[in-house]
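What's in my_file_31.json: JSON, C-alpha atoms
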```
[["chain", "number", "residue", "atom", "x", "y", "z"],
["A", 7, "MET", "CA", 38.80, -173.72, -229.67],
["A", 8, "ALA", "CA", 42.41, -174.66, -229.02],
["A", 9, "GLY", "CA", 44.54, -171.61, -228.41],
["A", 10, "GLU", "CA", 41.56, -169.30, -227.91],
["A", 11, "LYS", "CA", 41.79, -167.00, -224.90],
["A", 12, "VAL", "CA", 38.65, -166.39, -222.87],
["A", 13, "ALA", "CA", 37.87, -163.38, -220.67],
["A", 14, "LEU", "CA", 34.92, -162.78, -218.36],
["A", 15, "VAL", "CA", 33.83, -159.21, -217.57],
["A", 16, "THR", "CA", 31.29, -158.35, -214.88],
["A", 17, "GLY", "CA", 29.25, -155.18, -215.25],
["A", 18, "ALA", "CA", 29.91, -155.50, -218.98],
["A", 19, "GLY", "CA", 26.80, -153.73, -220.27],
["A", 20, "THR", "CA", 27.83, -150.12, -219.66],
["A", 21, "GLY", "CA", 30.70, -147.83, -218.73],
["A", 22, "VAL", "CA", 34.10, -149.26, -217.93],
["A", 23, "GLY", "CA", 32.89, -152.85, -218.27],
["A", 24, "ARG", "CA", 31.61, -152.19, -221.78],
["A", 25, "ALA", "CA", 34.84, -150.45, -222.78],
["A", 26, "ALA", "CA", 36.96, -153.28, -221.40],
["A", 27, "ALA", "CA", 34.85, -155.98, -223.06],
["A", 28, "LEU", "CA", 35.08, -154.26, -226.45],
["A", 29, "ALA", "CA", 38.85, -153.77, -226.10],
["A", 30, "LEU", "CA", 39.33, -157.42, -225.18],
["A", 31, "MET", "CA", 37.22, -158.57, -228.13],
["A", 32, "LYS", "CA", 39.19, -156.29, -230.45],
["A", 33, "ASP", "CA", 42.40, -157.89, -229.17],
["A", 34, "GLY", "CA", 41.20, -161.40, -229.94],
["A", 35, "PHE", "CA", 39.59, -162.62, -226.73],
["A", 36, "ALA", "CA", 36.33, -164.48, -226.60],
["A", 37, "VAL", "CA", 34.43, -162.54, -223.92],
["A", 38, "VAL", "CA", 31.76, -163.61, -221.46],
["A", 39, "LEU", "CA", 29.54, -160.60, -220.81],
["A", 40, "ALA", "CA", 27.96, -160.60, -217.35],
["A", 41, "GLY", "CA", 25.60, -158.01, -215.88],
["A", 42, "ARG", "CA", 22.13, -157.48, -214.52],
["A", 43, "ARG", "CA", 20.37, -156.45, -217.73],
["A", 44, "LYS", "CA", 20.32, -158.61, -220.84],
["A", 45, "GLU", "CA", 19.69, -155.85, -223.41],
["A", 46, "PRO", "CA", 22.88, -153.79, -222.81],
["A", 47, "LEU", "CA", 24.95, -156.99, -222.78],
["A", 48, "GLU", "CA", 23.51, -158.03, -226.13],
["A", 49, "ALA", "CA", 24.27, -154.57, -227.53],
["A", 50, "VAL", "CA", 27.92, -154.95, -226.50],
["A", 51, "ALA", "CA", 28.05, -158.44, -228.03],
["A", 52, "ASN", "CA", 26.71, -157.09, -231.32],
["A", 53, "GLU", "CA", 29.13, -154.16, -231.29],
["A", 54, "GLY", "CA", 32.06, -156.51, -230.71],
["A", 55, "LYS", "CA", 31.33, -158.80, -233.65],
["A", 56, "PRO", "CA", 32.86, -160.78, -235.30],
["A", 57, "ALA", "CA", 34.64, -161.61, -232.03],
["A", 58, "LYS", "CA", 33.08, -164.44, -230.03],
["A", 59, "SER", "CA", 31.04, -163.54, -226.97],
["A", 60, "LEU", "CA", 28.60, -165.09, -224.55],
["A", 61, "VAL", "CA", 25.86, -163.09, -222.83],
["A", 62, "VAL", "CA", 25.01, -164.30, -219.31],
["A", 63, "PRO", "CA", 22.66, -162.03, -217.31],
["A", 64, "THR", "CA", 23.97, -162.24, -213.74],
["A", 65, "ASP", "CA", 23.11, -160.66, -210.40],
["A", 66, "ILE", "CA", 26.56, -160.34, -208.86],
["A", 67, "PRO", "CA", 25.37, -160.26, -205.20],
["A", 68, "ASP", "CA", 23.70, -163.68, -205.74],
["A", 69, "PRO", "CA", 26.11, -166.59, -205.02],
["A", 70, "ALA", "CA", 23.98, -169.04, -207.02],
["A", 71, "ALA", "CA", 24.01, -166.71, -210.04],
["A", 72, "ILE", "CA", 27.81, -166.47, -209.87],
["A", 73, "LYS", "CA", 28.18, -170.25, -209.78],
["A", 74, "ALA", "CA", 25.89, -170.52, -212.80],
["A", 75, "LEU", "CA", 27.89, -167.83, -214.65],
["A", 76, "PHE", "CA", 31.18, -169.67, -214.29],
["A", 77, "ALA", "CA", 29.61, -173.05, -215.02],
["A", 78, "LYS", "CA", 28.21, -171.64, -218.27],
["A", 79, "THR", "CA", 31.61, -170.16, -219.13],
["A", 80, "LYS", "CA", 33.36, -173.49, -218.65],
["A", 81, "GLU", "CA", 30.64, -175.38, -220.50],
["A", 82, "THR", "CA", 30.84, -173.03, -223.50],
["A", 83, "PHE", "CA", 34.57, -172.35, -223.81],
["A", 84, "GLY", "CA", 36.24, -175.03, -221.71],
["A", 85, "ARG", "CA", 38.56, -172.59, -219.93],
["A", 86, "LEU", "CA", 38.96, -169.08, -218.49],
["A", 87, "ASP", "CA", 42.07, -166.95, -218.98],
["A", 88, "VAL", "CA", 41.02, -163.54, -217.61],
["A", 89, "LEU", "CA", 38.46, -162.35, -215.07],
["A", 90, "PHE", "CA", 37.76, -158.62, -214.80],
["A", 91, "ASN", "CA", 35.93, -157.98, -211.53],
["A", 92, "ASN", "CA", 34.35, -154.71, -212.55],
["A", 93, "ALA", "CA", 30.71, -154.59, -211.40],
["A", 94, "GLY", "CA", 30.09, -152.04, -208.66],
["A", 95, "ILE", "CA", 27.54, -149.68, -207.15],
["A", 96, "GLY", "CA", 27.52, -146.72, -204.79],
["A", 97, "ALA", "CA", 25.26, -145.66, -201.92],
["A", 98, "PRO", "CA", 23.28, -142.42, -201.49],
["A", 99, "PRO", "CA", 25.56, -139.49, -200.52],
["A", 100, "VAL", "CA", 24.26, -139.04, -196.97],
["A", 101, "PRO", "CA", 26.11, -138.40, -193.69],
["A", 102, "LEU", "CA", 27.89, -141.51, -192.42],
["A", 103, "GLU", "CA", 25.67, -141.75, -189.37],
["A", 104, "ASP", "CA", 22.51, -141.70, -191.52],
["A", 105, "LEU", "CA", 23.43, -144.41, -194.05],
["A", 106, "PRO", "CA", 20.83, -147.20, -193.81],
["A", 107, "TYR", "CA", 22.12, -150.71, -193.17],
["A", 108, "ASP", "CA", 20.45, -152.09, -196.28],
["A", 109, "LYS", "CA", 22.27, -149.55, -198.48],
["A", 110, "TRP", "CA", 25.59, -150.40, -196.80],
["A", 111, "LYS", "CA", 24.97, -154.13, -197.27],
["A", 112, "ALA", "CA", 24.01, -153.74, -200.94],
["A", 113, "VAL", "CA", 27.32, -152.00, -201.68],
["A", 114, "VAL", "CA", 29.35, -154.58, -199.74],
["A", 115, "ASP", "CA", 27.55, -157.49, -201.41],
["A", 116, "THR", "CA", 28.11, -156.09, -204.91],
["A", 117, "ASN", "CA", 31.54, -154.46, -204.60],
["A", 118, "LEU", "CA", 33.34, -156.89, -202.28],
["A", 119, "THR", "CA", 31.52, -160.17, -201.73],
["A", 120, "GLY", "CA", 30.67, -160.50, -205.43],
["A", 121, "PRO", "CA", 34.30, -160.13, -206.60],
["A", 122, "PHE", "CA", 35.42, -162.54, -203.87],
["A", 123, "LEU", "CA", 32.93, -165.18, -205.02],
["A", 124, "CYS", "CA", 33.89, -164.61, -208.67],
["A", 125, "THR", "CA", 37.55, -165.01, -207.71],
["A", 126, "GLN", "CA", 36.79, -168.30, -205.98],
["A", 127, "GLU", "CA", 35.05, -169.67, -209.06],
["A", 128, "ALA", "CA", 37.81, -168.41, -211.35],
["A", 129, "PHE", "CA", 40.43, -170.15, -209.18],
["A", 130, "LYS", "CA", 38.59, -173.45, -209.47],
["A", 131, "ILE", "CA", 38.71, -173.27, -213.26],
["A", 132, "MET", "CA", 42.14, -171.72, -213.72],
["A", 133, "LYS", "CA", 44.12, -174.04, -211.45],
["A", 134, "ASP", "CA", 42.81, -177.20, -213.11],
["A", 135, "GLN", "CA", 42.83, -176.22, -216.78],
["A", 136, "ASN", "CA", 45.54, -176.94, -219.34],
["A", 137, "PRO", "CA", 47.52, -174.79, -219.86],
["A", 138, "ARG", "CA", 47.15, -173.95, -216.18],
["A", 139, "GLY", "CA", 46.63, -170.50, -214.70],
["A", 140, "GLY", "CA", 45.08, -167.21, -215.66],
["A", 141, "ARG", "CA", 44.74, -163.59, -214.66],
["A", 142, "ILE", "CA", 42.30, -161.73, -212.40],
["A", 143, "ILE", "CA", 41.96, -157.95, -212.67],
["A", 144, "ASN", "CA", 40.05, -156.02, -210.01],
["A", 145, "ASN", "CA", 38.49, -152.59, -210.49],
["A", 146, "GLY", "CA", 39.73, -150.74, -207.45],
["A", 147, "SER", "CA", 38.97, -147.06, -208.22],
["A", 148, "ILE", "CA", 40.72, -143.92, -207.02],
["A", 149, "SER", "CA", 38.59, -144.47, -203.91],
["A", 150, "ALA", "CA", 40.86, -147.41, -203.05],
["A", 151, "HIS", "CA", 43.37, -144.67, -202.15],
["A", 152, "VAL", "CA", 41.40, -141.67, -200.88],
["A", 153, "PRO", "CA", 37.71, -141.06, -200.16],
["A", 154, "ARG", "CA", 35.26, -138.54, -201.43],
["A", 155, "PRO", "CA", 32.93, -136.94, -198.90],
["A", 156, "LEU", "CA", 29.86, -139.01, -197.97],
["A", 157, "THR", "CA", 31.07, -142.25, -199.61],
["A", 158, "VAL", "CA", 31.80, -144.48, -196.62],
["A", 159, "ALA", "CA", 30.33, -147.67, -198.13],
["A", 160, "TYR", "CA", 31.91, -147.32, -201.57],
["A", 161, "THR", "CA", 35.29, -146.23, -200.19],
["A", 162, "SER", "CA", 35.37, -149.03, -197.61],
["A", 163, "THR", "CA", 34.73, -151.68, -200.24],
["A", 164, "LYS", "CA", 37.31, -150.26, -202.62],
["A", 165, "HIS", "CA", 39.96, -150.21, -199.89],
["A", 166, "ALA", "CA", 39.01, -153.83, -199.20],
["A", 167, "ILE", "CA", 39.44, -154.70, -202.88],
["A", 168, "THR", "CA", 43.10, -153.79, -202.49],
["A", 169, "GLY", "CA", 43.39, -156.46, -199.80],
["A", 170, "LEU", "CA", 41.58, -158.93, -202.03],
["A", 171, "THR", "CA", 43.99, -158.12, -204.87],
["A", 172, "LYS", "CA", 47.08, -158.67, -202.73],
["A", 173, "SER", "CA", 45.78, -161.89, -201.18],
["A", 174, "THR", "CA", 44.71, -163.23, -204.58],
["A", 175, "ALA", "CA", 48.11, -162.39, -206.08],
["A", 176, "LEU", "CA", 49.83, -164.23, -203.23],
["A", 177, "ASP", "CA", 47.55, -167.27, -203.05],
["A", 178, "GLY", "CA", 47.43, -167.58, -206.83],
["A", 179, "ARG", "CA", 51.19, -167.94, -207.29],
["A", 180, "LYS", "CA", 51.26, -171.72, -206.88],
["A", 181, "TYR", "CA", 48.57, -172.08, -209.54],
["A", 182, "ASP", "CA", 50.11, -169.62, -212.05],
["A", 183, "ILE", "CA", 47.25, -167.20, -211.39],
["A", 184, "ALA", "CA", 48.27, -163.55, -211.55],
["A", 185, "CYS", "CA", 46.17, -160.78, -210.01],
["A", 186, "GLY", "CA", 46.30, -157.02, -210.44],
["A", 187, "GLN", "CA", 44.19, -153.96, -209.80],
["A", 188, "ILE", "CA", 43.26, -151.00, -211.97],
["A", 189, "ASP", "CA", 42.35, -147.81, -210.09],
["A", 190, "ILE", "CA", 40.23, -145.56, -212.28],
["A", 191, "GLY", "CA", 39.61, -141.84, -211.86],
["A", 192, "ASN", "CA", 36.69, -140.14, -213.60],
["A", 193, "ALA", "CA", 36.09, -142.20, -216.72],
["A", 194, "VAL", "CA", 33.11, -141.04, -218.78],
["A", 195, "THR", "CA", 30.37, -143.46, -217.67],
["A", 196, "PRO", "CA", 26.76, -143.17, -216.48],
["A", 197, "MET", "CA", 28.07, -143.25, -212.87],
["A", 198, "THR", "CA", 30.13, -140.08, -213.40],
["A", 199, "GLU", "CA", 27.59, -137.93, -215.27],
["A", 200, "ARG", "CA", 27.09, -135.78, -212.17],
["A", 201, "MET", "CA", 30.74, -134.73, -212.29],
["A", 202, "ALA", "CA", 30.05, -132.54, -215.31],
["A", 203, "GLN", "CA", 27.62, -130.48, -213.20],
["A", 204, "GLY", "CA", 29.64, -130.53, -210.00],
["A", 205, "VAL", "CA", 30.43, -132.87, -207.10],
["A", 206, "LEU", "CA", 31.06, -132.22, -203.44],
["A", 207, "GLN", "CA", 34.68, -131.49, -202.51],
["A", 208, "PRO", "CA", 36.31, -131.90, -199.06],
["A", 209, "SER", "CA", 36.17, -128.11, -198.73],
["A", 210, "GLY", "CA", 32.38, -128.23, -198.89],
["A", 211, "GLN", "CA", 32.31, -126.63, -202.34],
["A", 212, "MET", "CA", 30.59, -128.11, -205.39],
["A", 213, "MET", "CA", 32.97, -128.30, -208.34],
["A", 214, "PRO", "CA", 32.84, -129.85, -211.82],
["A", 215, "GLU", "CA", 35.61, -132.38, -212.42],
["A", 216, "PRO", "CA", 37.35, -133.34, -215.68],
["A", 217, "ARG", "CA", 36.69, -136.81, -217.05],
["A", 218, "MET", "CA", 38.49, -139.08, -219.50],
["A", 219, "PRO", "CA", 37.33, -141.49, -222.23],
["A", 220, "ALA", "CA", 36.27, -144.90, -220.92],
["A", 221, "GLU", "CA", 37.96, -146.38, -224.00],
["A", 222, "ASP", "CA", 41.34, -145.44, -222.50],
["A", 223, "VAL", "CA", 40.51, -147.60, -219.48],
["A", 224, "GLY", "CA", 39.40, -150.43, -221.75],
["A", 225, "ARG", "CA", 42.75, -150.42, -223.51],
["A", 226, "ALA", "CA", 44.55, -150.44, -220.15],
["A", 227, "VAL", "CA", 42.58, -153.49, -219.00],
["A", 228, "SER", "CA", 43.32, -155.27, -222.27],
["A", 229, "TYR", "CA", 47.02, -154.47, -221.87],
["A", 230, "MET", "CA", 47.05, -156.05, -218.42],
["A", 231, "ALA", "CA", 45.19, -159.06, -219.81],
["A", 232, "SER", "CA", 47.66, -159.47, -222.68],
["A", 233, "LEU", "CA", 50.74, -160.02, -220.52],
["A", 234, "SER", "CA", 52.32, -163.44, -220.19],
["A", 235, "LEU", "CA", 51.73, -165.09, -216.84],
["A", 236, "ASP", "CA", 55.41, -164.48, -216.08],
["A", 237, "SER", "CA", 54.53, -160.76, -215.69],
["A", 238, "ASN", "CA", 51.95, -158.88, -213.65],
["A", 239, "VAL", "CA", 50.76, -155.31, -213.24],
["A", 240, "LEU", "CA", 49.95, -155.38, -209.53],
["A", 241, "PHE", "CA", 48.51, -151.84, -209.47],
["A", 242, "MET", "CA", 47.77, -149.36, -212.24],
["A", 243, "THR", "CA", 46.15, -145.93, -211.89],
["A", 244, "VAL", "CA", 44.38, -144.51, -214.95],
["A", 245, "MET", "CA", 42.88, -141.09, -214.30],
["A", 246, "ALA", "CA", 41.70, -137.89, -215.93],
["A", 247, "THR", "CA", 44.83, -135.78, -216.17],
["A", 248, "LYS", "CA", 43.30, -132.71, -214.53],
["A", 249, "MET", "CA", 41.07, -134.33, -211.92],
["A", 250, "PRO", "CA", 41.65, -133.37, -208.26],
["A", 251, "PHE", "CA", 43.25, -136.60, -207.02],
["A", 252, "VAL", "CA", 46.88, -135.72, -206.37],
["A", 253, "GLY", "CA", 46.48, -133.37, -203.44],
["A", 254, "ARG", "CA", 42.84, -134.28, -202.80],
["A", 255, "GLY", "CA", 41.64, -133.08, -199.43]]
```
Using structure tokens, write down the structure from this file.
Amino acid sequence: MAGEKVALVTGAGTGVGRAAALALMKDGFAVVLAGRRKEPLEAVANEGKPAKSLVVPTDIPDPAAIKALFAKTKETFGRLDVLFNNAGIGAPPVPLEDLPYDKWKAVVDTNLTGPFLCTQEAFKIMKDQNPRGGRIINNGSISAHVPRPLTVAYTSTKHAITGLTKSTALDGRKYDIACGQIDIGNAVTPMTERMAQGVLQPSGQMMPEPRMPAEDVGRAVSYMASLSLDSNVLFMTVMATKMPFVGRG
């Protein structure tokens, strides 16, 4: 497997994760597909053939599951060149003061603690492999910049991902580990289906919002992954052209 580049994608069974995994496989990466459900991961693996892939069902909020995921990656491929921290969930759209603690904690565990633990495990592999180094890409979301109404948990974690990205980029320098963030606005995924019917705006109105193909995001992730380690896209925003982001609020 000399010369083979290996990428690991969390939340790879659907949506942005699926699109990124397929784009990476198309561009020659062997891809580790991580996610909660085995069947969607296997479907992505089959769709990406003849590229190499490894399906590893993983519960991202579980530290033991993350350790097992990266151990399996190293055992199978011997190295890791790219980690795409993509898996994420939202909380029910309720008033801030009514959000249950368990819903808050579930979002924090999945959207922030999970990527942190994945980053730790990636560092351990990347800094000791030969050739040394690698790249970590975090899914930040438009919500890393501005919130939607009634999204305190999701927005808080996505703002925190920006801090994780910057700290990882800084601390990774001495190991030749680059880190960047892709902020996505309204890709066509199961999580954004409601946008076609209408979502709550800061004005209190319900309004449908334009969406964009998830495949465009996949190609953007693969572009970031393809750069030499002498170059880094620290932040990239990929959004539906006509979505209400610029000027939101």
Taking only C-alpha atoms into account, which of A:Tyr229, A:Tyr181, A:Trp110, A:Phe129 comes nearest Leu89 in chain A?
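Using only C-alpha atoms, Leu89 in chain A sits closest to A:Phe129.
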Using all atoms listed in the file, pick whichever of A:Ala57, A:Val62, A:Val244, A:Val252 has the shortest atom-to-atom distance to Leu28 in chain A.
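Nearest candidate to Leu28 in chain A out of A:Ala57, A:Val62, A:Val244, A:Val252: A:Ala57.
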Neighbours of point (46.7, -152.5, -204.4) within 8 Å, using all atoms listed in the file, written as a PyMOL selection string
chain A and resi 146+150+167-169+171-172+186-187+240-241
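If only C-alpha atoms are the atoms counted, then among A:Glu81, A:Val61, A:Asn91, A:Met218 the closest residue to Thr198 in chain A is A:Met218.
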What is the CA of Glu53 in chain A-CA of Phe90 in chain A distance in Å, reported with one decimal?
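If I compute the distance from CA of Glu53 in chain A to CA of Phe90 in chain A, I get 19.1 Å.
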Between A:Ile148, A:Val158, A:Met31, A:Ala74, which is the closest to Leu123 in chain A once you count only C-alpha atoms?
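Result for the nearest residue to Leu123 in chain A: A:Ala74.
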Using all atoms listed in the file, can you tell me which of A:Lys164, A:Asp115, A:Pro214, A:Leu170 comes closest to Pro69 in chain A?
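Selected residue with least distance to Pro69 in chain A: A:Asp115.
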Kindly give the distance, in Å, that separates CA of Ser59 in chain A and CA of Gly17 in chain A, rounded to a single decimal.
14.5 Å
Excluding same-chain residues fewer than 2 positions from Pro67 in chain A, what lies within 10 Å of it counting all atoms listed in the file, as a PyMOL selection string?
chain A and resi 64-65+69-72+93+112-121+123
Val239 in chain A environment, 12 Å, all atoms listed in the file, sequence neighbours closer than 3 positions dropped, as a list of chain:residue names:
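Listing them by chain and then by number gives A:Arg141, A:Ile142, A:Ile143, A:Asn144, A:Thr171, A:Lys172, A:Ala175, A:Ala184, A:Cys185, A:Gly186, A:Gln187, A:Ile188, A:Asp189, A:Ala226, A:Val227, A:Ser228, A:Tyr229, A:Met230, A:Ala231, A:Ser232, A:Leu233, A:Ser234, A:Leu235, A:Asp236, A:Met242, A:Thr243.
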May I have the selected residues written with C-alpha atoms, as a PDB file, keeping the file's coordinate frame?
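Wrote part37.pdb, looks like this:
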```
ATOM      1  CA  ARG A 141      44.740-163.590-214.660  1.00  0.00           C
ATOM      2  CA  ILE A 142      42.300-161.730-212.400  1.00  0.00           C
ATOM      3  CA  ILE A 143      41.960-157.950-212.670  1.00  0.00           C
ATOM      4  CA  ASN A 144      40.050-156.020-210.010  1.00  0.00           C
ATOM      5  CA  THR A 171      43.990-158.120-204.870  1.00  0.00           C
ATOM      6  CA  LYS A 172      47.080-158.670-202.730  1.00  0.00           C
ATOM      7  CA  ALA A 175      48.110-162.390-206.080  1.00  0.00           C
ATOM      8  CA  ALA A 184      48.270-163.550-211.550  1.00  0.00           C
ATOM      9  CA  CYS A 185      46.170-160.780-210.010  1.00  0.00           C
ATOM     10  CA  GLY A 186      46.300-157.020-210.440  1.00  0.00           C
ATOM     11  CA  GLN A 187      44.190-153.960-209.800  1.00  0.00           C
ATOM     12  CA  ILE A 188      43.260-151.000-211.970  1.00  0.00           C
ATOM     13  CA  ASP A 189      42.350-147.810-210.090  1.00  0.00           C
ATOM     14  CA  ALA A 226      44.550-150.440-220.150  1.00  0.00           C
ATOM     15  CA  VAL A 227      42.580-153.490-219.000  1.00  0.00           C
ATOM     16  CA  SER A 228      43.320-155.270-222.270  1.00  0.00           C
ATOM     17  CA  TYR A 229      47.020-154.470-221.870  1.00  0.00           C
ATOM     18  CA  MET A 230      47.050-156.050-218.420  1.00  0.00           C
ATOM     19  CA  ALA A 231      45.190-159.060-219.810  1.00  0.00           C
ATOM     20  CA  SER A 232      47.660-159.470-222.680  1.00  0.00           C
ATOM     21  CA  LEU A 233      50.740-160.020-220.520  1.00  0.00           C
ATOM     22  CA  SER A 234      52.320-163.440-220.190  1.00  0.00           C
ATOM     23  CA  LEU A 235      51.730-165.090-216.840  1.00  0.00           C
ATOM     24  CA  ASP A 236      55.410-164.480-216.080  1.00  0.00           C
ATOM     25  CA  MET A 242      47.770-149.360-212.240  1.00  0.00           C
ATOM     26  CA  THR A 243      46.150-145.930-211.890  1.00  0.00           C
TER      27      THR A 243
END
```
For the point (47.0, -170.6, -215.7) in the file's frame, write as a short mmCIF file (atom, residue, chain, number, x, y, z; two decimals) with C-alpha atoms, in the coordinates of the input all residues with an atom no more than 8 Å away, counting only C-alpha atoms.
```cif
data_model
loop_
_atom_site.label_atom_id
_atom_site.label_comp_id
_atom_site.auth_asym_id
_atom_site.auth_seq_id
_atom_site.Cartn_x
_atom_site.Cartn_y
_atom_site.Cartn_z
CA ASP A 87 42.07 -166.95 -218.98
CA MET A 132 42.14 -171.72 -213.72
CA LYS A 133 44.12 -174.04 -211.45
CA GLN A 135 42.83 -176.22 -216.78
CA ASN A 136 45.54 -176.94 -219.34
CA PRO A 137 47.52 -174.79 -219.86
CA ARG A 138 47.15 -173.95 -216.18
CA GLY A 139 46.63 -170.50 -214.70
CA GLY A 140 45.08 -167.21 -215.66
CA ARG A 141 44.74 -163.59 -214.66
CA TYR A 181 48.57 -172.08 -209.54
CA ASP A 182 50.11 -169.62 -212.05
CA ILE A 183 47.25 -167.20 -211.39
CA LEU A 235 51.73 -165.09 -216.84
#
```
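Of the residues under consideration (A:Gly191, A:Pro106, A:Gly96, A:Pro56), A:Gly191 shows the shortest atom-to-atom contact distance to Met245 in chain A when counting all atoms listed in the file.
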How would range 77-84 of chain A read, as a PDB file, in the frame of the given file, once all heavy atoms are built in?
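The new file rebuild31.pdb reads:
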```
ATOM      1  N   ALA A  77      29.918-171.739-214.434  1.00  0.00           N
ATOM      2  CA  ALA A  77      29.610-173.050-215.020  1.00  0.00           C
ATOM      3  C   ALA A  77      29.294-172.909-216.505  1.00  0.00           C
ATOM      4  O   ALA A  77      29.741-173.726-217.331  1.00  0.00           O
ATOM      5  CB  ALA A  77      28.447-173.698-214.283  1.00  0.00           C
ATOM      6  N   LYS A  78      28.542-171.872-216.865  1.00  0.00           N
ATOM      7  CA  LYS A  78      28.210-171.640-218.270  1.00  0.00           C
ATOM      8  C   LYS A  78      29.456-171.283-219.067  1.00  0.00           C
ATOM      9  O   LYS A  78      29.615-171.708-220.225  1.00  0.00           O
ATOM     10  CB  LYS A  78      27.179-170.504-218.363  1.00  0.00           C
ATOM     11  CG  LYS A  78      26.658-170.249-219.777  1.00  0.00           C
ATOM     12  CD  LYS A  78      25.823-171.404-220.279  1.00  0.00           C
ATOM     13  CE  LYS A  78      25.172-171.080-221.613  1.00  0.00           C
ATOM     14  NZ  LYS A  78      24.415-172.246-222.158  1.00  0.00           N
ATOM     15  N   THR A  79      30.344-170.508-218.465  1.00  0.00           N
ATOM     16  CA  THR A  79      31.610-170.160-219.130  1.00  0.00           C
ATOM     17  C   THR A  79      32.426-171.408-219.440  1.00  0.00           C
ATOM     18  O   THR A  79      32.912-171.595-220.567  1.00  0.00           O
ATOM     19  CB  THR A  79      32.421-169.203-218.241  1.00  0.00           C
ATOM     20  OG1 THR A  79      31.680-167.993-218.047  1.00  0.00           O
ATOM     21  CG2 THR A  79      33.764-168.871-218.872  1.00  0.00           C
ATOM     22  N   LYS A  80      32.580-172.268-218.457  1.00  0.00           N
ATOM     23  CA  LYS A  80      33.360-173.490-218.650  1.00  0.00           C
ATOM     24  C   LYS A  80      32.697-174.415-219.654  1.00  0.00           C
ATOM     25  O   LYS A  80      33.362-175.023-220.509  1.00  0.00           O
ATOM     26  CB  LYS A  80      33.565-174.199-217.314  1.00  0.00           C
ATOM     27  CG  LYS A  80      34.517-175.386-217.403  1.00  0.00           C
ATOM     28  CD  LYS A  80      34.793-175.977-216.035  1.00  0.00           C
ATOM     29  CE  LYS A  80      35.766-177.159-216.155  1.00  0.00           C
ATOM     30  NZ  LYS A  80      36.062-177.756-214.832  1.00  0.00           N
ATOM     31  N   GLU A  81      31.379-174.521-219.572  1.00  0.00           N
ATOM     32  CA  GLU A  81      30.640-175.380-220.500  1.00  0.00           C
ATOM     33  C   GLU A  81      30.803-174.905-221.939  1.00  0.00           C
ATOM     34  O   GLU A  81      30.942-175.717-222.866  1.00  0.00           O
ATOM     35  CB  GLU A  81      29.160-175.383-220.123  1.00  0.00           C
ATOM     36  CG  GLU A  81      28.259-176.139-221.076  1.00  0.00           C
ATOM     37  CD  GLU A  81      26.787-175.906-220.779  1.00  0.00           C
ATOM     38  OE1 GLU A  81      26.449-175.490-219.652  1.00  0.00           O
ATOM     39  OE2 GLU A  81      25.966-176.125-221.694  1.00  0.00           O
ATOM     40  N   THR A  82      30.795-173.592-222.150  1.00  0.00           N
ATOM     41  CA  THR A  82      30.840-173.030-223.500  1.00  0.00           C
ATOM     42  C   THR A  82      32.252-173.013-224.075  1.00  0.00           C
ATOM     43  O   THR A  82      32.466-173.379-225.241  1.00  0.00           O
ATOM     44  CB  THR A  82      30.277-171.601-223.495  1.00  0.00           C
ATOM     45  OG1 THR A  82      28.941-171.626-222.984  1.00  0.00           O
ATOM     46  CG2 THR A  82      30.272-171.011-224.905  1.00  0.00           C
ATOM     47  N   PHE A  83      33.223-172.562-223.276  1.00  0.00           N
ATOM     48  CA  PHE A  83      34.570-172.350-223.810  1.00  0.00           C
ATOM     49  C   PHE A  83      35.617-173.332-223.293  1.00  0.00           C
ATOM     50  O   PHE A  83      36.724-173.409-223.838  1.00  0.00           O
ATOM     51  CB  PHE A  83      35.027-170.919-223.502  1.00  0.00           C
ATOM     52  CG  PHE A  83      34.210-169.865-224.197  1.00  0.00           C
ATOM     53  CD1 PHE A  83      33.349-169.042-223.485  1.00  0.00           C
ATOM     54  CD2 PHE A  83      34.303-169.698-225.567  1.00  0.00           C
ATOM     55  CE1 PHE A  83      32.600-168.058-224.128  1.00  0.00           C
ATOM     56  CE2 PHE A  83      33.556-168.723-226.226  1.00  0.00           C
ATOM     57  CZ  PHE A  83      32.702-167.911-225.504  1.00  0.00           C
ATOM     58  N   GLY A  84      35.309-174.019-222.212  1.00  0.00           N
ATOM     59  CA  GLY A  84      36.240-175.030-221.710  1.00  0.00           C
ATOM     60  C   GLY A  84      37.355-174.497-220.827  1.00  0.00           C
ATOM     61  O   GLY A  84      38.074-175.274-220.199  1.00  0.00           O
TER      62      GLY A  84
END
```
